[in-house]
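*Asks:* So here's entry24.pdb, just PDB, C-alpha atoms and all ligand atoms:
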```pdb
ATOM      1  CA  MET A   1      14.210   9.397   3.567  1.00  0.00           C
ATOM      2  CA  ILE A   2      13.222   6.104   2.023  1.00  0.00           C
ATOM      3  CA  LEU A   3      13.624   5.211  -1.628  1.00  0.00           C
ATOM      4  CA  TYR A   4      10.877   2.903  -2.793  1.00  0.00           C
ATOM      5  CA  THR A   5      10.837   1.104  -6.080  1.00  0.00           C
ATOM      6  CA  LEU A   6       7.274   1.291  -7.326  1.00  0.00           C
ATOM      7  CA  ARG A   7       5.529  -0.708 -10.001  1.00  0.00           C
ATOM      8  CA  CYS A   8       2.397   0.250 -11.911  1.00  0.00           C
ATOM      9  CA  SER A   9      -0.253  -2.141 -13.154  1.00  0.00           C
ATOM     10  CA  HIS A  10       1.459  -2.136 -16.554  1.00  0.00           C
ATOM     11  CA  ASP A  11       4.625  -3.454 -14.958  1.00  0.00           C
ATOM     12  CA  HIS A  12       6.645  -0.236 -15.289  1.00  0.00           C
ATOM     13  CA  HIS A  13       9.161   0.265 -12.519  1.00  0.00           C
ATOM     14  CA  PHE A  14      10.170   3.643 -11.140  1.00  0.00           C
ATOM     15  CA  GLU A  15      11.669   5.037  -7.971  1.00  0.00           C
ATOM     16  CA  GLU A  16      10.251   7.617  -5.597  1.00  0.00           C
ATOM     17  CA  TRP A  17      11.588   9.184  -2.405  1.00  0.00           C
ATOM     18  CA  PHE A  18       9.451   9.407   0.732  1.00  0.00           C
ATOM     19  CA  SER A  19      10.244  10.817   4.126  1.00  0.00           C
ATOM     20  CA  ASN A  20       8.661   7.751   5.723  1.00  0.00           C
ATOM     21  CA  SER A  21       6.309   4.904   4.968  1.00  0.00           C
ATOM     22  CA  ALA A  22       3.275   6.941   6.131  1.00  0.00           C
ATOM     23  CA  GLU A  23       3.972   9.478   3.399  1.00  0.00           C
ATOM     24  CA  TYR A  24       3.887   6.678   0.858  1.00  0.00           C
ATOM     25  CA  ASP A  25       0.500   5.558   2.188  1.00  0.00           C
ATOM     26  CA  SER A  26      -1.036   9.032   2.156  1.00  0.00           C
ATOM     27  CA  LYS A  27       0.277   9.857  -1.322  1.00  0.00           C
ATOM     28  CA  LYS A  28      -0.996   6.566  -2.641  1.00  0.00           C
ATOM     29  CA  GLU A  29      -4.440   7.182  -1.121  1.00  0.00           C
ATOM     30  CA  ALA A  30      -4.501  10.694  -2.563  1.00  0.00           C
ATOM     31  CA  GLY A  31      -3.650   9.344  -6.000  1.00  0.00           C
ATOM     32  CA  GLU A  32      -0.428  11.333  -6.134  1.00  0.00           C
ATOM     33  CA  LEU A  33       1.657   8.347  -7.029  1.00  0.00           C
ATOM     34  CA  LYS A  34       1.592   7.701 -10.703  1.00  0.00           C
ATOM     35  CA  CYS A  35       3.711   5.995 -13.248  1.00  0.00           C
ATOM     36  CA  PRO A  36       5.915   8.443 -15.195  1.00  0.00           C
ATOM     37  CA  GLU A  37       5.608   6.251 -18.271  1.00  0.00           C
ATOM     38  CA  CYS A  38       1.878   5.700 -18.575  1.00  0.00           C
ATOM     39  CA  GLY A  39       0.316   7.879 -15.845  1.00  0.00           C
ATOM     40  CA  ASP A  40      -1.230   4.895 -14.118  1.00  0.00           C
ATOM     41  CA  VAL A  41      -2.084   5.548 -10.467  1.00  0.00           C
ATOM     42  CA  GLN A  42      -2.437   1.856  -9.672  1.00  0.00           C
ATOM     43  CA  VAL A  43       1.037   1.571  -8.211  1.00  0.00           C
ATOM     44  CA  ALA A  44       2.458  -0.686  -5.564  1.00  0.00           C
ATOM     45  CA  LYS A  45       5.770  -1.186  -3.917  1.00  0.00           C
ATOM     46  CA  ALA A  46       7.906  -3.508  -5.968  1.00  0.00           C
ATOM     47  CA  ILE A  47      10.028  -6.184  -4.465  1.00  0.00           C
ATOM     48  CA  MET A  48      13.522  -4.808  -4.335  1.00  0.00           C
ATOM     49  CA  ALA A  49      16.593  -6.916  -4.786  1.00  0.00           C
ATOM     50  CA  PRO A  50      18.333  -7.194  -1.447  1.00  0.00           C
ATOM     51  CA  LYS A  51      21.308  -4.899  -1.462  1.00  0.00           C
ATOM     52  CA  VAL A  52      23.206  -7.036   1.015  1.00  0.00           C
ATOM     53  CA  ALA A  53      23.655  -9.720  -1.630  1.00  0.00           C
ATOM     54  CA  LYS A  54      26.333  -7.721  -3.407  1.00  0.00           C
ATOM     55  CA  ALA A  55      28.200  -6.854  -0.242  1.00  0.00           C
ATOM     56  CA  ALA A  56      28.377 -10.519   0.685  1.00  0.00           C
ATOM     57  CA  ALA A  57      30.040 -11.354  -2.617  1.00  0.00           C
ATOM     58  CA  ALA A  58      33.331  -9.867  -1.550  1.00  0.00           C
ATOM     59  CA  PRO A  59      36.460 -11.413  -3.023  1.00  0.00           C
ATOM     60  CA  ALA A  60      37.964 -14.217  -1.058  1.00  0.00           C
ATOM     61  CA  PRO A  61      40.661 -12.980   1.257  1.00  0.00           C
ATOM     62  CA  ALA A  62      44.200 -13.672   0.233  1.00  0.00           C
ATOM     63  CA  CYS A  63      45.946 -15.923   2.631  1.00  0.00           C
ATOM     64  CA  MET A  64      49.069 -15.181   4.599  1.00  0.00           C
ATOM     65  CA  PRO A  65      50.501 -12.111   2.875  1.00  0.00           C
ATOM     66  CA  GLY A  66      54.228 -12.490   2.718  1.00  0.00           C
ATOM     67  CA  GLY A  67      54.010 -15.895   4.285  1.00  0.00           C
ATOM     68  CA  GLY A  68      55.939 -17.597   1.537  1.00  0.00           C
ATOM     69  CA  GLY A  69      53.295 -19.810   0.074  1.00  0.00           C
ATOM     70  CA  CYS A  70      50.045 -21.258   1.050  1.00  0.00           C
ATOM     71  CA  GLY A  71      49.264 -24.738   2.051  1.00  0.00           C
ATOM     72  CA  GLY A  72      45.937 -24.742   3.722  1.00  0.00           C
ATOM     73  CA  CYS A  73      43.511 -22.376   2.045  1.00  0.00           C
ATOM     74  CA  ALA A  74      40.930 -23.064  -0.616  1.00  0.00           C
ATOM     75  CA  PHE A  75      43.304 -21.731  -3.252  1.00  0.00           C
ATOM     76  CA  ALA A  76      46.166 -24.050  -2.399  1.00  0.00           C
ATOM     77  CA  GLY A  77      48.392 -24.587  -5.409  1.00  0.00           C
ATOM     78  CA  GLN A  78      46.846 -21.695  -7.306  1.00  0.00           C
ATOM     79  CA  HIS A  79      48.736 -18.886  -5.711  1.00  0.00           C
TER      80      HIS A  79
HETATM   81 ZN    ZN A 101       3.186   2.480 -16.135  1.00  0.00          ZN
END
```
Kindly return the structure encoded in the file as structure tokens.
*Replies:*
Amino acid sequence: MILYTLRCSHDHHFEEWFSNSAEYDSKKEAGELKCPECGDVQVAKAIMAPKVAKAAAAPAPACMPGGGGCGGCAFAGQH
């Protein structure tokens, strides 16, 4: 299953599940994709924010647990 974020021509965003990208294409051609807010069938896939961005923003690792102080890491003097 693929979750697509769709956008209508009035700039409403909504999400729809598809079993694959071909199902998206056939539903779009059949006019079965429409905006829940305004009923517009002129919908397109919206650009989704990359989900990896959040995962990459992990907290900085603590240095040397139990090592009795830190001298060399980016947080030297702060912990
Ligand atoms: Zn709409």
*Asks:* Could you pull the residues within 8 Å of Val41 of chain A, counting only C-alpha atoms, minus those fewer than 6 positions along the same chain, as a list in words?
*Replies:*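 So the residues in contact are Cys8, Lys28, Gly31, Glu32, Leu33, Lys34 and Cys35 of chain A.
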*Asks:* Can you tell me which residues come within 8 Å of ligand ZN 101 (chain A) when counting all atoms listed in the file, ideally as an NGL selection string?
*Replies:* :A and (7-13 or 34-40)
*Asks:* Counting only C-alpha atoms, find the residues whose atoms lie at most 10 Å from (8.5, 12.2, -0.9) (file coordinates) and write them out as a PyMOL selection string.
*Replies:* chain A and resi 1-4+16-21+23-24+27+33
*Asks:* Those same residues, written as a compact mmCIF listing (two decimals), in the frame of the given file with C-alpha atoms?
*Replies:*
```
# COMPACT_ATOMS: atom_id res chain seq x y z
CA MET A 1 14.21 9.40 3.57
CA ILE A 2 13.22 6.10 2.02
CA LEU A 3 13.62 5.21 -1.63
CA TYR A 4 10.88 2.90 -2.79
CA GLU A 16 10.25 7.62 -5.60
CA TRP A 17 11.59 9.18 -2.40
CA PHE A 18 9.45 9.41 0.73
CA SER A 19 10.24 10.82 4.13
CA ASN A 20 8.66 7.75 5.72
CA SER A 21 6.31 4.90 4.97
CA GLU A 23 3.97 9.48 3.40
CA TYR A 24 3.89 6.68 0.86
CA LYS A 27 0.28 9.86 -1.32
CA LEU A 33 1.66 8.35 -7.03
```
*Asks:* Looking at A:Ala30, A:Ile47, A:Ala74, A:Ala22, which one is nearest to Thr5 of chain A, with distances taken over all atoms listed in the file?
*Replies:*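 Nearest to Thr5 of chain A: A:Ile47.
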*Asks:* Output as lines of an AutoDock Vina configuration file the centre and edge lengths (Å, one decimal) of the box along x, y and z of the file that holds every listed atom of segment 16-33 of chain A after adding 6 Å on each side.
*Replies:*
```
center_x = 3.5
center_y = 8.1
center_z = -0.4
size_x = 28.1
size_y = 18.4
size_z = 25.2
```
*Asks:* N, CA and C atoms are what I want for segment 1-16 of chain A; can you complete it accordingly and write them as a CSV table (one decimal), keeping the file's coordinate frame?
*Replies:*
```
chain,number,residue,atom,x,y,z
A,1,MET,N,14.8,9.6,4.9
A,1,MET,CA,14.2,9.4,3.6
A,1,MET,C,14.3,7.9,3.2
A,2,ILE,N,13.3,7.5,2.5
A,2,ILE,CA,13.2,6.1,2.0
A,2,ILE,C,13.0,6.1,0.5
A,3,LEU,N,13.8,5.4,-0.2
A,3,LEU,CA,13.6,5.2,-1.6
A,3,LEU,C,12.9,3.9,-1.9
A,4,TYR,N,11.7,4.1,-2.4
A,4,TYR,CA,10.9,2.9,-2.8
A,4,TYR,C,10.9,2.7,-4.3
A,5,THR,N,11.0,1.5,-4.7
A,5,THR,CA,10.8,1.1,-6.1
A,5,THR,C,9.4,0.8,-6.2
A,6,LEU,N,8.7,1.5,-7.1
A,6,LEU,CA,7.3,1.3,-7.3
A,6,LEU,C,7.0,0.7,-8.7
A,7,ARG,N,5.9,0.0,-8.8
A,7,ARG,CA,5.5,-0.7,-10.0
A,7,ARG,C,4.1,-0.4,-10.3
A,8,CYS,N,3.8,0.0,-11.5
A,8,CYS,CA,2.4,0.2,-11.9
A,8,CYS,C,1.7,-1.0,-12.4
A,9,SER,N,0.5,-0.9,-12.7
A,9,SER,CA,-0.3,-2.1,-13.2
A,9,SER,C,0.2,-2.6,-14.6
A,10,HIS,N,0.9,-1.7,-15.3
A,10,HIS,CA,1.5,-2.1,-16.6
A,10,HIS,C,2.9,-2.6,-16.5
A,11,ASP,N,3.3,-2.9,-15.2
A,11,ASP,CA,4.6,-3.5,-15.0
A,11,ASP,C,5.8,-2.5,-15.3
A,12,HIS,N,5.5,-1.2,-15.2
A,12,HIS,CA,6.6,-0.2,-15.3
A,12,HIS,C,7.2,0.0,-13.9
A,13,HIS,N,8.5,0.0,-13.8
A,13,HIS,CA,9.2,0.3,-12.5
A,13,HIS,C,9.7,1.7,-12.5
A,14,PHE,N,9.6,2.3,-11.3
A,14,PHE,CA,10.2,3.6,-11.1
A,14,PHE,C,10.4,3.8,-9.7
A,15,GLU,N,11.3,4.8,-9.4
A,15,GLU,CA,11.7,5.0,-8.0
A,15,GLU,C,11.1,6.4,-7.5
A,16,GLU,N,10.8,6.4,-6.2
A,16,GLU,CA,10.3,7.6,-5.6
A,16,GLU,C,10.8,7.7,-4.2
```
